[in-house]
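Raw contents of coords-v6.cif, mmCIF, C-alpha atoms:
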```cif
data_protein
loop_
_atom_site.label_atom_id
_atom_site.label_comp_id
_atom_site.auth_asym_id
_atom_site.auth_seq_id
_atom_site.Cartn_x
_atom_site.Cartn_y
_atom_site.Cartn_z
CA MET A 1 96.77 80.85 92.77
CA ASP A 2 100.39 81.08 93.87
CA GLU A 3 101.06 84.49 92.37
CA ASP A 4 102.33 87.42 94.48
CA LEU A 5 99.67 90.12 94.25
CA THR A 6 101.49 92.70 96.38
CA ASP A 7 101.08 96.19 94.91
CA ARG A 8 98.63 94.99 92.23
CA SER A 9 95.05 96.13 92.15
CA LEU A 10 92.16 93.69 92.03
CA PHE A 11 90.82 95.52 88.96
CA HIS A 12 94.17 95.04 87.15
CA VAL A 13 94.27 91.31 87.97
CA LEU A 14 90.68 90.77 86.79
CA ARG A 15 91.38 92.64 83.55
CA SER A 16 94.83 91.22 82.70
CA GLN A 17 94.43 87.63 83.93
CA TYR A 18 90.75 86.95 83.23
CA GLY A 19 89.63 89.52 80.64
CA LEU A 20 87.00 90.91 83.02
CA GLU A 21 86.13 94.53 83.67
CA VAL A 22 84.45 95.86 86.79
CA LYS A 23 81.37 97.79 85.69
CA GLY A 24 79.99 98.86 89.07
CA GLY A 25 79.31 97.78 92.58
CA GLU A 26 78.44 98.73 96.12
CA GLN A 27 80.51 99.11 99.23
CA LYS A 28 79.75 99.73 102.88
CA LEU A 29 82.36 101.15 105.24
CA TRP A 30 82.12 101.65 108.98
CA ALA A 31 84.29 101.88 112.10
CA MET A 32 84.10 99.12 114.67
CA PRO A 33 86.03 97.81 117.68
CA ALA A 34 88.23 94.82 116.82
CA PRO A 35 86.58 91.55 117.86
CA ARG A 36 88.87 89.00 119.53
CA SER A 37 89.54 86.95 116.39
CA MET A 38 90.48 89.99 114.30
CA ALA A 39 92.53 91.58 117.10
CA GLU A 40 94.57 88.39 117.33
CA TYR A 41 94.98 88.13 113.56
CA LEU A 42 96.03 91.78 113.18
CA GLN A 43 98.06 91.65 116.40
CA VAL A 44 96.33 94.67 117.94
CA PRO A 45 94.69 95.10 121.36
CA LEU A 46 91.11 93.91 121.74
CA HIS A 47 88.61 96.64 120.75
CA THR A 48 91.18 98.65 118.74
CA PRO A 49 89.23 100.81 116.26
CA LEU A 50 89.19 99.21 112.82
CA LEU A 51 87.63 100.13 109.51
CA HIS A 52 85.37 97.38 108.20
CA LEU A 53 84.58 97.33 104.49
CA LYS A 54 82.17 95.04 102.66
CA ARG A 55 82.13 95.29 98.88
CA VAL A 56 80.31 93.64 95.98
CA LEU A 57 81.62 94.30 92.47
CA GLU A 58 79.68 93.64 89.27
CA THR A 59 81.76 92.42 86.31
CA THR A 60 81.24 92.30 82.57
CA LYS A 61 80.47 88.57 82.83
CA PRO A 62 76.75 88.20 83.58
CA GLY A 63 76.14 86.84 87.08
CA LEU A 64 79.82 87.00 88.12
CA ARG A 65 80.33 89.16 91.19
CA VAL A 66 83.36 89.67 93.39
CA TYR A 67 82.69 89.83 97.13
CA SER A 68 85.24 91.13 99.62
CA ILE A 69 85.41 91.84 103.33
CA ILE A 70 88.29 93.96 104.61
CA TYR A 71 89.39 94.99 108.08
CA CYS A 72 91.94 97.79 108.28
CA ASN A 73 93.95 99.15 111.21
CA THR A 74 94.33 102.77 110.09
CA GLU A 75 96.90 103.58 112.75
CA GLU A 76 99.49 101.89 110.51
CA PHE A 77 97.80 101.47 107.12
CA TYR A 78 95.24 103.16 104.92
CA LEU A 79 92.81 102.13 102.23
CA LEU A 80 93.52 103.44 98.74
CA ASP A 81 91.05 102.87 95.97
CA SER A 82 90.92 104.40 92.52
CA PHE A 83 88.64 103.50 89.64
#
```

Encoded form using structure tokens:
Amino acid sequence: MDEDLTDRSLFHVLRSQYGLEVKGGEQKLWAMPAPRSMAEYLQVPLHTPLLHLKRVLETTKPGLRVYSIIYCNTEEFYLLDSF
């Protein structure tokens, strides 16, 4: 996929591009110190507090789930989710 998804929600893309609806799911969210690999990727000091989110979404297509893992530096950014 070579499409720019900036400012587009995952739910919108699934619905408009693939005709899928998210019907439920589960997410886990916790704070953690940035491990070396993530600190380098996010360009933050080692052990900077990050939010870590793991999510599994159930769709209207039987057996099709969307898995995501997100790390967020909340000193500069925030997570916004509406559904």

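With atom CA of Ser9 of chain A on one side and atom CA of Tyr41 of chain A on the other, the separation reads 22.9 Å.
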
Notebook entry, point to check: What's the 7 Å shell around Tyr67 of chain A, counting only C-alpha atoms, without same-chain residues fewer than 2 positions away, as a VMD selection string?
Noted result: chain A and resid 55 to 57 65

Check: Could you state the separation of atom CA of Met32 of chain A and atom CA of Leu79 of chain A in Å, given to one decimal place?
Finding: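 Separation of atom CA of Met32 of chain A and atom CA of Leu79 of chain A: 15.5 Å.
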
Margin query: As an exercise, work out the distance from atom CA of Thr48 of chain A to atom CA of Asn73 of chain A in Å and give it to one decimal place.
Written below: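 Atom-to-atom, atom CA of Thr48 of chain A and atom CA of Asn73 of chain A are spaced 8.0 Å apart.
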
Margin query: Residue by residue, what does the PyMOL selection byres ((chain A and resi 27) around 7) grab here? Present the result as a count of residues only.
Written below: 8

Notebook entry, point to check: What residues have an atom no more than 12 Å from (74.9, 90.4, 83.2) in the file's own frame, counting only C-alpha atoms, and can you write them as a VMD selection string?
Noted result: chain A and resid 21 to 24 58 to 65

Note to self: When you look at Leu10 of chain A with a cut-off of 12 Å (counting all atoms listed in the file), what residues show up, excluding the ones that are within fewer than 2 positions of it in the same chain? I need them as number ranges by chain.
What the structure shows: A: 5-8, 12-18, 20-22, 57, 59, 66-68, 80-83

Next item on the list: Carefully work through the PyMOL selection byres ((chain A and resi 31) around 6) for this structure and note down the residues it includes, as a VMD selection string.
Entry: chain A and resid 30 32 50 to 51

Margin query: Measuring between all atoms listed in the file, which one of A:Phe11, A:Tyr71, A:Asp4, A:Phe77 shows the shortest distance to Ala34 of chain A?
Written below: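 Of the candidates, the smallest distance to Ala34 of chain A is held by A:Tyr71.
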
Check: Could you write out as a ChimeraX atom specification the residues that the PyMOL selection byres ((chain A and resi 44) around 12) matches in the shown file?
Finding: /A:33-43,45-50,72-76
